[in-house]
$ cat data-v5.cif   # mmCIF, C-alpha atoms and all ligand atoms
data_work
#
loop_
_atom_site.group_PDB
_atom_site.id
_atom_site.type_symbol
_atom_site.label_atom_id
_atom_site.label_comp_id
_atom_site.auth_asym_id
_atom_site.auth_seq_id
_atom_site.Cartn_x
_atom_site.Cartn_y
_atom_site.Cartn_z
ATOM 1 C CA MET A 1134 0.000 0.000 0.000
ATOM 2 C CA SER A 1135 1.362 3.428 -0.896
ATOM 3 C CA GLY A 1136 2.474 5.715 1.892
ATOM 4 C CA MET A 1137 0.820 8.562 -0.043
ATOM 5 C CA THR A 1138 -2.685 7.373 0.621
ATOM 6 C CA THR A 1139 -4.730 8.066 3.720
ATOM 7 C CA ALA A 1140 -8.011 6.787 5.020
ATOM 8 C CA ILE A 1141 -10.946 9.103 4.965
ATOM 9 C CA THR A 1142 -11.759 10.373 8.441
ATOM 10 C CA PRO A 1143 -11.322 7.298 10.637
ATOM 11 C CA THR A 1144 -13.568 8.205 13.539
ATOM 12 C CA PRO A 1145 -17.165 7.998 12.470
ATOM 13 C CA LYS A 1146 -19.591 10.408 13.963
ATOM 14 C CA VAL A 1147 -22.809 8.577 14.598
ATOM 15 C CA ALA A 1148 -25.030 10.371 12.142
ATOM 16 C CA ALA A 1149 -28.601 10.992 13.108
ATOM 17 C CA MET A 1150 -31.169 9.070 11.138
ATOM 18 C CA ASN A 1151 -32.040 10.737 7.839
ATOM 19 C CA GLU A 1152 -28.957 12.965 7.647
ATOM 20 C CA THR A 1153 -27.214 12.695 4.299
ATOM 21 C CA LYS A 1154 -24.546 10.005 4.489
ATOM 22 C CA VAL A 1155 -23.656 9.542 0.832
ATOM 23 C CA SER A 1156 -24.037 12.280 -1.726
ATOM 24 C CA ALA A 1157 -23.615 11.689 -5.462
ATOM 25 C CA ARG A 1158 -23.343 14.616 -7.876
ATOM 26 C CA ASP A 1159 -23.477 14.328 -11.661
ATOM 27 C CA VAL A 1160 -22.106 10.801 -11.652
ATOM 28 C CA GLN A 1161 -21.300 9.221 -15.015
ATOM 29 C CA VAL A 1162 -19.922 5.734 -15.457
ATOM 30 C CA TYR A 1163 -18.444 4.356 -18.663
ATOM 31 C CA TYR A 1164 -17.308 0.868 -19.596
ATOM 32 C CA GLY A 1165 -15.006 1.774 -22.469
ATOM 33 C CA ASP A 1166 -17.325 3.721 -24.819
ATOM 34 C CA LYS A 1167 -20.491 2.462 -23.186
ATOM 35 C CA HIS A 1168 -22.158 5.130 -21.073
ATOM 36 C CA ALA A 1169 -23.700 2.985 -18.313
ATOM 37 C CA ILE A 1170 -24.677 5.622 -15.715
ATOM 38 C CA ARG A 1171 -25.830 9.100 -16.708
ATOM 39 C CA ASP A 1172 -25.998 12.236 -14.558
ATOM 40 C CA VAL A 1173 -26.962 10.515 -11.345
ATOM 41 C CA ASN A 1174 -27.638 12.790 -8.386
ATOM 42 C CA ILE A 1175 -28.795 11.283 -5.127
ATOM 43 C CA GLU A 1176 -28.547 11.833 -1.391
ATOM 44 C CA ILE A 1177 -28.507 8.578 0.570
ATOM 45 C CA ARG A 1178 -29.681 9.001 4.130
ATOM 46 C CA SER A 1179 -27.935 7.650 7.171
ATOM 47 C CA ARG A 1180 -29.384 4.757 9.164
ATOM 48 C CA THR A 1181 -31.941 4.228 6.452
ATOM 49 C CA VAL A 1182 -32.367 1.358 4.013
ATOM 50 C CA THR A 1183 -32.375 2.586 0.415
ATOM 51 C CA ALA A 1184 -33.433 0.108 -2.265
ATOM 52 C CA PHE A 1185 -32.210 0.387 -5.865
ATOM 53 C CA ILE A 1186 -34.742 -1.060 -8.284
ATOM 54 C CA GLY A 1187 -35.111 -1.133 -12.057
ATOM 55 C CA PRO A 1188 -35.017 -3.513 -15.009
ATOM 56 C CA SER A 1189 -32.049 -5.717 -15.727
ATOM 57 C CA GLY A 1190 -29.056 -3.827 -17.104
ATOM 58 C CA CYS A 1191 -30.286 -0.399 -15.955
ATOM 59 C CA GLY A 1192 -27.127 0.216 -13.927
ATOM 60 C CA LYS A 1193 -28.122 -0.548 -10.325
ATOM 61 C CA SER A 1194 -25.044 -2.656 -9.548
ATOM 62 C CA THR A 1195 -22.751 -0.326 -11.447
ATOM 63 C CA PHE A 1196 -23.910 2.644 -9.401
ATOM 64 C CA LEU A 1197 -23.814 0.640 -6.155
ATOM 65 C CA ARG A 1198 -20.199 -0.291 -6.835
ATOM 66 C CA CYS A 1199 -19.310 3.393 -7.252
ATOM 67 C CA ILE A 1200 -20.036 3.904 -3.554
ATOM 68 C CA ASN A 1201 -17.058 1.814 -2.410
ATOM 69 C CA ARG A 1202 -14.994 2.183 -5.573
ATOM 70 C CA MET A 1203 -15.353 -1.489 -6.471
ATOM 71 C CA ASN A 1204 -15.479 -0.315 -10.095
ATOM 72 C CA ASP A 1205 -11.783 0.596 -9.728
ATOM 73 C CA THR A 1206 -11.115 -3.117 -10.124
ATOM 74 C CA ILE A 1207 -12.651 -3.176 -13.649
ATOM 75 C CA ALA A 1208 -10.040 -1.957 -16.129
ATOM 76 C CA SER A 1209 -12.505 -0.587 -18.707
ATOM 77 C CA CYS A 1210 -14.571 1.278 -16.137
ATOM 78 C CA ARG A 1211 -14.347 5.062 -15.652
ATOM 79 C CA VAL A 1212 -16.289 7.043 -13.070
ATOM 80 C CA GLU A 1213 -16.828 10.817 -13.350
ATOM 81 C CA GLY A 1214 -18.571 13.268 -11.047
ATOM 82 C CA ASN A 1215 -18.446 13.429 -7.301
ATOM 83 C CA ILE A 1216 -19.393 10.966 -4.584
ATOM 84 C CA SER A 1217 -18.866 11.963 -0.994
ATOM 85 C CA ILE A 1218 -19.421 10.268 2.318
ATOM 86 C CA ASP A 1219 -19.920 12.649 5.223
ATOM 87 C CA SER A 1220 -18.905 15.405 2.789
ATOM 88 C CA GLU A 1221 -15.525 13.816 1.941
ATOM 89 C CA ASN A 1222 -14.884 13.001 -1.698
ATOM 90 C CA ILE A 1223 -14.203 9.269 -1.877
ATOM 91 C CA TYR A 1224 -12.548 9.664 -5.298
ATOM 92 C CA ASP A 1225 -9.912 12.017 -3.922
ATOM 93 C CA PRO A 1226 -6.519 10.515 -4.859
ATOM 94 C CA LYS A 1227 -5.547 10.659 -1.187
ATOM 95 C CA VAL A 1228 -8.279 8.165 -0.249
ATOM 96 C CA ASP A 1229 -7.063 4.597 0.151
ATOM 97 C CA PRO A 1230 -9.680 2.313 -1.477
ATOM 98 C CA VAL A 1231 -8.864 -0.493 0.973
ATOM 99 C CA GLN A 1232 -9.688 1.736 3.940
ATOM 100 C CA LEU A 1233 -12.733 3.022 2.099
ATOM 101 C CA ARG A 1234 -14.025 -0.523 1.625
ATOM 102 C CA ALA A 1235 -13.734 -1.109 5.375
ATOM 103 C CA LYS A 1236 -15.914 1.947 5.885
ATOM 104 C CA VAL A 1237 -18.271 0.923 3.094
ATOM 105 C CA GLY A 1238 -18.724 -2.849 3.316
ATOM 106 C CA MET A 1239 -20.280 -5.018 0.643
ATOM 107 C CA VAL A 1240 -22.363 -8.175 0.534
ATOM 108 C CA PHE A 1241 -22.658 -9.904 -2.823
ATOM 109 C CA GLN A 1242 -25.362 -11.801 -4.648
ATOM 110 C CA LYS A 1243 -23.805 -15.190 -4.032
ATOM 111 C CA PRO A 1244 -22.502 -15.908 -0.542
ATOM 112 C CA ASN A 1245 -18.715 -15.959 -0.905
ATOM 113 C CA PRO A 1246 -17.101 -17.060 2.363
ATOM 114 C CA PHE A 1247 -13.341 -17.580 2.298
ATOM 115 C CA PRO A 1248 -12.254 -21.253 2.335
ATOM 116 C CA LYS A 1249 -11.411 -20.877 6.013
ATOM 117 C CA SER A 1250 -13.068 -21.448 9.354
ATOM 118 C CA ILE A 1251 -16.145 -19.520 10.459
ATOM 119 C CA PHE A 1252 -13.962 -17.672 12.978
ATOM 120 C CA GLU A 1253 -11.314 -16.759 10.401
ATOM 121 C CA ASN A 1254 -13.908 -15.496 7.943
ATOM 122 C CA VAL A 1255 -14.990 -12.873 10.454
ATOM 123 C CA ALA A 1256 -11.561 -12.256 12.056
ATOM 124 C CA TYR A 1257 -9.763 -11.573 8.777
ATOM 125 C CA GLY A 1258 -10.926 -7.955 8.302
ATOM 126 C CA PRO A 1259 -10.409 -6.790 11.898
ATOM 127 C CA ARG A 1260 -6.945 -8.383 11.849
ATOM 128 C CA ILE A 1261 -5.748 -6.736 8.623
ATOM 129 C CA HIS A 1262 -7.181 -3.395 9.724
ATOM 130 C CA GLY A 1263 -5.491 -3.686 13.131
ATOM 131 C CA LEU A 1264 -8.723 -3.450 15.103
ATOM 132 C CA ALA A 1265 -7.735 -5.984 17.789
ATOM 133 C CA ALA A 1266 -4.716 -5.500 20.057
ATOM 134 C CA LYS A 1267 -4.894 -9.000 21.480
ATOM 135 C CA LYS A 1268 -6.543 -12.371 20.876
ATOM 136 C CA SER A 1269 -9.330 -11.761 23.396
ATOM 137 C CA ASP A 1270 -10.252 -8.502 21.597
ATOM 138 C CA LEU A 1271 -10.461 -10.411 18.334
ATOM 139 C CA ASP A 1272 -12.644 -13.081 19.982
ATOM 140 C CA ASP A 1273 -14.983 -10.330 21.207
ATOM 141 C CA ILE A 1274 -15.184 -8.669 17.792
ATOM 142 C CA VAL A 1275 -15.947 -11.994 16.088
ATOM 143 C CA ALA A 1276 -18.628 -12.906 18.638
ATOM 144 C CA SER A 1277 -20.217 -9.467 18.427
ATOM 145 C CA ALA A 1278 -20.266 -9.489 14.606
ATOM 146 C CA LEU A 1279 -21.813 -12.973 14.538
ATOM 147 C CA GLN A 1280 -24.432 -11.816 17.036
ATOM 148 C CA LYS A 1281 -25.248 -8.750 14.943
ATOM 149 C CA ALA A 1282 -25.600 -11.023 11.925
ATOM 150 C CA GLY A 1283 -28.001 -13.280 13.844
ATOM 151 C CA LEU A 1284 -25.705 -16.282 13.449
ATOM 152 C CA TRP A 1285 -24.006 -16.626 16.839
ATOM 153 C CA ASN A 1286 -26.345 -19.211 18.349
ATOM 154 C CA GLU A 1287 -26.083 -21.410 15.278
ATOM 155 C CA VAL A 1288 -22.277 -21.408 15.081
ATOM 156 C CA LYS A 1289 -20.848 -20.638 18.526
ATOM 157 C CA ASP A 1290 -19.978 -24.285 19.123
ATOM 158 C CA ARG A 1291 -18.280 -24.796 15.776
ATOM 159 C CA LEU A 1292 -16.275 -21.657 15.091
ATOM 160 C CA ASP A 1293 -13.404 -23.768 13.783
ATOM 161 C CA SER A 1294 -15.535 -25.487 11.136
ATOM 162 C CA PRO A 1295 -15.253 -24.307 7.548
ATOM 163 C CA GLY A 1296 -17.507 -21.375 6.596
ATOM 164 C CA THR A 1297 -18.259 -23.137 3.344
ATOM 165 C CA GLY A 1298 -19.926 -25.969 5.300
ATOM 166 C CA LEU A 1299 -22.822 -23.732 6.362
ATOM 167 C CA SER A 1300 -26.141 -23.574 4.509
ATOM 168 C CA GLY A 1301 -26.524 -20.885 1.840
ATOM 169 C CA GLY A 1302 -28.530 -18.636 4.141
ATOM 170 C CA GLN A 1303 -26.041 -19.094 6.974
ATOM 171 C CA GLN A 1304 -23.167 -18.378 4.584
ATOM 172 C CA GLN A 1305 -24.818 -15.122 3.561
ATOM 173 C CA ARG A 1306 -25.233 -14.141 7.229
ATOM 174 C CA LEU A 1307 -21.563 -15.070 7.720
ATOM 175 C CA CYS A 1308 -20.701 -12.672 4.896
ATOM 176 C CA ILE A 1309 -22.799 -10.019 6.616
ATOM 177 C CA ALA A 1310 -20.905 -10.719 9.881
ATOM 178 C CA ARG A 1311 -17.650 -10.372 7.953
ATOM 179 C CA ALA A 1312 -18.765 -6.988 6.612
ATOM 180 C CA VAL A 1313 -20.002 -5.826 10.018
ATOM 181 C CA ALA A 1314 -16.815 -6.940 11.857
ATOM 182 C CA VAL A 1315 -14.760 -3.975 10.625
ATOM 183 C CA SER A 1316 -17.413 -1.518 11.901
ATOM 184 C CA PRO A 1317 -18.423 -0.074 8.562
ATOM 185 C CA GLU A 1318 -20.731 2.911 8.337
ATOM 186 C CA VAL A 1319 -22.386 1.928 5.079
ATOM 187 C CA ILE A 1320 -23.250 -1.599 3.910
ATOM 188 C CA LEU A 1321 -23.904 -2.196 0.216
ATOM 189 C CA MET A 1322 -25.899 -5.307 -0.641
ATOM 190 C CA ASP A 1323 -26.122 -6.463 -4.242
ATOM 191 C CA GLU A 1324 -29.146 -8.764 -4.487
ATOM 192 C CA PRO A 1325 -28.155 -10.467 -1.213
ATOM 193 C CA CYS A 1326 -31.107 -12.870 -1.194
ATOM 194 C CA SER A 1327 -31.215 -13.937 -4.817
ATOM 195 C CA ALA A 1328 -29.526 -17.281 -4.062
ATOM 196 C CA LEU A 1329 -31.549 -17.945 -0.903
ATOM 197 C CA ASP A 1330 -34.780 -19.795 -0.200
ATOM 198 C CA PRO A 1331 -37.758 -17.926 1.310
ATOM 199 C CA ILE A 1332 -36.897 -18.824 4.913
ATOM 200 C CA ALA A 1333 -33.267 -17.734 4.595
ATOM 201 C CA THR A 1334 -34.467 -14.624 2.739
ATOM 202 C CA ALA A 1335 -36.809 -13.745 5.597
ATOM 203 C CA LYS A 1336 -33.930 -14.053 8.076
ATOM 204 C CA VAL A 1337 -31.697 -11.765 6.043
ATOM 205 C CA GLU A 1338 -34.525 -9.247 5.648
ATOM 206 C CA GLU A 1339 -35.112 -9.288 9.397
ATOM 207 C CA LEU A 1340 -31.412 -8.730 9.864
ATOM 208 C CA ILE A 1341 -31.395 -5.768 7.471
ATOM 209 C CA HIS A 1342 -34.168 -4.282 9.558
ATOM 210 C CA GLU A 1343 -32.052 -4.631 12.722
ATOM 211 C CA LEU A 1344 -28.801 -3.459 11.125
ATOM 212 C CA ARG A 1345 -30.457 -0.278 10.011
ATOM 213 C CA GLU A 1346 -30.331 1.006 13.593
ATOM 214 C CA ASN A 1347 -26.569 1.372 13.288
ATOM 215 C CA PHE A 1348 -25.683 1.293 9.609
ATOM 216 C CA THR A 1349 -26.654 3.004 6.392
ATOM 217 C CA ILE A 1350 -27.774 0.284 4.012
ATOM 218 C CA VAL A 1351 -28.163 0.309 0.250
ATOM 219 C CA ILE A 1352 -29.660 -2.793 -1.333
ATOM 220 C CA VAL A 1353 -30.091 -3.726 -4.984
ATOM 221 C CA THR A 1354 -33.089 -5.952 -5.451
ATOM 222 C CA HIS A 1355 -35.191 -7.378 -8.261
ATOM 223 C CA SER A 1356 -38.008 -8.043 -5.867
ATOM 224 C CA MET A 1357 -40.540 -5.266 -5.506
ATOM 225 C CA GLN A 1358 -41.912 -7.038 -2.439
ATOM 226 C CA GLN A 1359 -38.475 -7.078 -0.875
ATOM 227 C CA ALA A 1360 -37.903 -3.382 -1.615
ATOM 228 C CA ALA A 1361 -41.276 -2.591 -0.064
ATOM 229 C CA ARG A 1362 -40.557 -4.753 2.993
ATOM 230 C CA VAL A 1363 -37.029 -3.672 3.850
ATOM 231 C CA SER A 1364 -36.508 -0.112 2.632
ATOM 232 C CA GLN A 1365 -37.610 3.338 3.673
ATOM 233 C CA ARG A 1366 -36.341 5.000 0.477
ATOM 234 C CA THR A 1367 -36.373 3.600 -3.051
ATOM 235 C CA ALA A 1368 -34.448 4.724 -6.121
ATOM 236 C CA MET A 1369 -35.610 3.619 -9.556
ATOM 237 C CA PHE A 1370 -33.053 3.301 -12.374
ATOM 238 C CA HIS A 1371 -33.809 2.963 -16.067
ATOM 239 C CA LEU A 1372 -31.310 2.850 -18.943
ATOM 240 C CA GLY A 1373 -28.552 4.267 -16.747
ATOM 241 C CA ASN A 1374 -30.683 7.144 -15.446
ATOM 242 C CA LEU A 1375 -32.001 7.607 -11.946
ATOM 243 C CA VAL A 1376 -35.624 8.321 -12.802
ATOM 244 C CA GLU A 1377 -36.995 8.796 -9.316
ATOM 245 C CA GLU A 1378 -35.987 8.523 -5.667
ATOM 246 C CA ASN A 1379 -38.597 8.776 -3.005
ATOM 247 C CA ASP A 1380 -40.095 7.397 0.188
ATOM 248 C CA THR A 1381 -40.730 3.711 -0.428
ATOM 249 C CA ASP A 1382 -44.403 4.034 0.530
ATOM 250 C CA LYS A 1383 -44.886 6.735 -2.057
ATOM 251 C CA MET A 1384 -42.901 4.897 -4.729
ATOM 252 C CA PHE A 1385 -45.183 1.901 -4.448
ATOM 253 C CA THR A 1386 -48.472 3.747 -4.164
ATOM 254 C CA ASN A 1387 -48.157 6.990 -6.060
ATOM 255 C CA PRO A 1388 -44.840 7.344 -7.917
ATOM 256 C CA ASP A 1389 -44.025 10.601 -9.676
ATOM 257 C CA ASP A 1390 -42.580 9.023 -12.819
ATOM 258 C CA GLN A 1391 -44.541 6.971 -15.327
ATOM 259 C CA ARG A 1392 -41.567 4.625 -15.801
ATOM 260 C CA THR A 1393 -41.643 3.756 -12.089
ATOM 261 C CA GLN A 1394 -45.365 3.118 -12.325
ATOM 262 C CA ASP A 1395 -44.900 0.882 -15.355
ATOM 263 C CA TYR A 1396 -42.042 -1.046 -13.766
ATOM 264 C CA ILE A 1397 -43.744 -1.748 -10.464
ATOM 265 C CA MET A 1398 -46.900 -2.766 -12.329
ATOM 266 C CA GLY A 1399 -44.785 -5.300 -14.229
ATOM 267 C CA ARG A 1400 -45.270 -3.595 -17.606
ATOM 268 C CA PHE A 1401 -41.562 -3.914 -18.406
ATOM 269 C CA GLY A 1402 -38.347 -5.338 -16.963
HETATM 270 N N1 LIG B 1 -17.757 -5.235 -16.415
HETATM 271 C C1 LIG B 1 -18.534 -4.706 -17.375
HETATM 272 N N2 LIG B 1 -18.033 -4.431 -18.587
HETATM 273 C C2 LIG B 1 -18.796 -3.898 -19.563
HETATM 274 N N3 LIG B 1 -20.087 -3.555 -19.416
HETATM 275 C C3 LIG B 1 -20.650 -3.798 -18.233
HETATM 276 C C4 LIG B 1 -19.918 -4.383 -17.143
HETATM 277 N N4 LIG B 1 -20.731 -4.492 -16.080
HETATM 278 C C5 LIG B 1 -21.931 -4.012 -16.472
HETATM 279 N N5 LIG B 1 -21.887 -3.600 -17.755
HETATM 280 C C6 LIG B 1 -22.978 -3.008 -18.535
HETATM 281 O O1 LIG B 1 -23.451 -1.855 -17.863
HETATM 282 C C7 LIG B 1 -24.867 -1.783 -17.878
HETATM 283 C C8 LIG B 1 -25.387 -1.762 -16.455
HETATM 284 O O2 LIG B 1 -25.114 -3.041 -15.876
HETATM 285 P P1 LIG B 1 -25.419 -3.368 -14.350
HETATM 286 O O3 LIG B 1 -24.907 -4.722 -14.065
HETATM 287 O O4 LIG B 1 -24.947 -2.245 -13.508
HETATM 288 O O5 LIG B 1 -27.011 -3.345 -14.356
HETATM 289 P P2 LIG B 1 -28.039 -3.907 -13.281
HETATM 290 O O6 LIG B 1 -29.187 -2.958 -13.276
HETATM 291 O O7 LIG B 1 -27.347 -4.135 -11.992
HETATM 292 O O8 LIG B 1 -28.440 -5.284 -13.950
HETATM 293 P P3 LIG B 1 -28.976 -6.643 -13.310
HETATM 294 O O9 LIG B 1 -30.236 -6.277 -12.599
HETATM 295 O O10 LIG B 1 -29.219 -7.517 -14.488
HETATM 296 O O11 LIG B 1 -27.912 -7.145 -12.382
HETATM 297 C C9 LIG B 1 -25.348 -2.987 -18.677
HETATM 298 O O12 LIG B 1 -25.564 -2.588 -20.008
HETATM 299 C C10 LIG B 1 -24.185 -3.958 -18.594
HETATM 300 O O13 LIG B 1 -24.118 -4.780 -19.724
#
$ encode --input "data-v5.cif" --output "structure tokens"
Amino acid sequence: MSGMTTAITPTPKVAAMNETKVSARDVQVYYGDKHAIRDVNIEIRSRTVTAFIGPSGCGKSTFLRCINRMNDTIASCRVEGNISIDSENIYDPKVDPVQLRAKVGMVFQKPNPFPKSIFENVAYGPRIHGLAAKKSDLDDIVASALQKAGLWNEVKDRLDSPGTGLSGGQQQRLCIARAVAVSPEVILMDEPCSALDPIATAKVEELIHELRENFTIVIVTHSMQQAARVSQRTAMFHLGNLVEENDTDKMFTNPDDQRTQDYIMGRFG
């Protein structure tokens, strides 16, 4: 890691609910010549669940990945505009993307535990970020993260077993514990339930509801029912444009934009 880079402000203030946490201004994203995200402006509120919805290929995941600079890992991808977290530009060259990704955690579509024990899956992040001075601190962080992810009771007696031996739903909660263990402020979830059965989905949704007390959550989902159940704000994307962002209740009862109406009525997508 370069000595030139610094983390963005390391001590999080605990933002009041509904304060702006993430602010995007005139964001454009290109894959080579393809203009995938156009002029997106959005304020994402703290300690709120914001759902990104829209038809396949509209740019939900691309925009989500801008928020922790995961697109940096795609050679053809270029991001323009400004995205700030707590008013600090995350694309400033001084920002270390590794530190940023600790502050802005991510949970993917398919559970992707490391081929290591349950304990090591959760301990890895805190260890590389130097969050535990001694073994007992690390034990506490791991236990607390597993509790927050609603998995502790199911795994406390087998922390040394492989993470990959858990059920799909448990693996996804392990991945959530892994994200939570480094005390992020924002958690990005890219279709986190798409590989899960309805019971595991319900558990993850319940968890999202609980995590919202302490974290700002952005979730991409194809399920209108899920967006309606878990989010307080919903943003609708279409052909790379953010067409509308509003209170979830309003989005699903009386949206401002005809394209939102058509999409939630199943007329396209
Ligand atoms: N790595 C990539 N290289 C080139 N083009 C890409 C890449 N990733 C996405 N795209 C293109 O960018 C556009 C937006 O894709 P993105 O995956 O963000 O949409 P999405 O709304 O998340 O789709 P889905 O709901 O199907 O996951 C699409 O046209 C897609 O083909």
$ closest_residue --input "data-v5.cif" --among "A:Val1237, A:Leu1197, A:Ala1314, A:Met1384" --to "Asp1272 in chain A" --atoms "all atoms listed in the file"
A:Ala1314
$ closest_residue --input "data-v5.cif" --among "A:Cys1308, A:Val1337, A:Cys1326, A:Val1173" --to "Glu1377 in chain A" --atoms "all atoms listed in the file"
A:Val1173
$ closest_residue --input "data-v5.cif" --among "A:His1355, A:Lys1268, A:Lys1281, A:His1168" --to "Leu1340 in chain A" --atoms "only C-alpha atoms"
A:Lys1281
$ atom_distance --input "data-v5.cif" --atom1 "CA of Ile1320 in chain A" --atom2 "CA of Met1150 in chain A"
15.1 Å
$ residues_near_ligand --input "data-v5.cif" --ligand "ligand LIG 1 (chain B)" --cutoff "9 Å" --atoms "only C-alpha atoms and all ligand atoms" --output "ChimeraX atom specification"
/A:1162-1165,1167-1170,1185-1198,1204,1207-1210,1323-1324,1353-1355,1370-1373
$ residues_around --input "data-v5.cif" --residues "Ile1200 in chain A" --least-positions-apart "2" --cutoff "10 Å" --atoms "all atoms listed in the file" --output "number ranges by chain"
A: 1155-1157, 1195-1198, 1202-1204, 1216-1218, 1223-1224, 1233-1234, 1237-1239, 1319-1321, 1351
$ resolve_selection --input "data-v5.cif" --expression "the PyMOL selection byres (((chain A and resi 1344) around 12) and not hetatm)" --output "PyMOL selection string"
chain A and resi 1179-1182+1278+1280-1283+1306+1309-1310+1312-1313+1316-1320+1337-1343+1345-1351+1363-1364
$ closest_residue --input "data-v5.cif" --among "A:Val1240, A:Phe1252, A:Arg1171, A:Val1160" --to "Glu1213 in chain A" --atoms "all atoms listed in the file"
A:Val1160
$ atom_distance --input "data-v5.cif" --atom1 "CA of Arg1366 in chain A" --atom2 "CA of Ala1184 in chain A"
6.3 Å
$ residues_around --input "data-v5.cif" --residues "Pro1325 in chain A" --least-positions-apart "2" --cutoff "6 Å" --atoms "all atoms listed in the file" --output "count of residues only"
5
$ resolve_selection --input "data-v5.cif" --expression "the PyMOL selection byres (((chain A and resi 1244) around 6) and not hetatm)" --output "MDAnalysis selection string"
chainID A and resid 1243 1245 1304:1305
$ write_last_selection --input "data-v5.cif" --atoms "C-alpha atoms" --output "short mmCIF file (atom, residue, chain, number, x, y, z; two decimals), in the coordinates of the input"
data_model
loop_
_atom_site.label_atom_id
_atom_site.label_comp_id
_atom_site.auth_asym_id
_atom_site.auth_seq_id
_atom_site.Cartn_x
_atom_site.Cartn_y
_atom_site.Cartn_z
CA LYS A 1243 -23.80 -15.19 -4.03
CA ASN A 1245 -18.72 -15.96 -0.90
CA GLN A 1304 -23.17 -18.38 4.58
CA GLN A 1305 -24.82 -15.12 3.56
#
$ resolve_selection --input "data-v5.cif" --expression "the PyMOL selection byres (((chain A and resi 1301) around 8) and not hetatm)" --output "PyMOL selection string"
chain A and resi 1244+1299-1300+1302-1305+1328-1329+1333
$ atom_distance --input "data-v5.cif" --atom1 "CA of Leu1292 in chain A" --atom2 "CA of Arg1260 in chain A"
16.5 Å
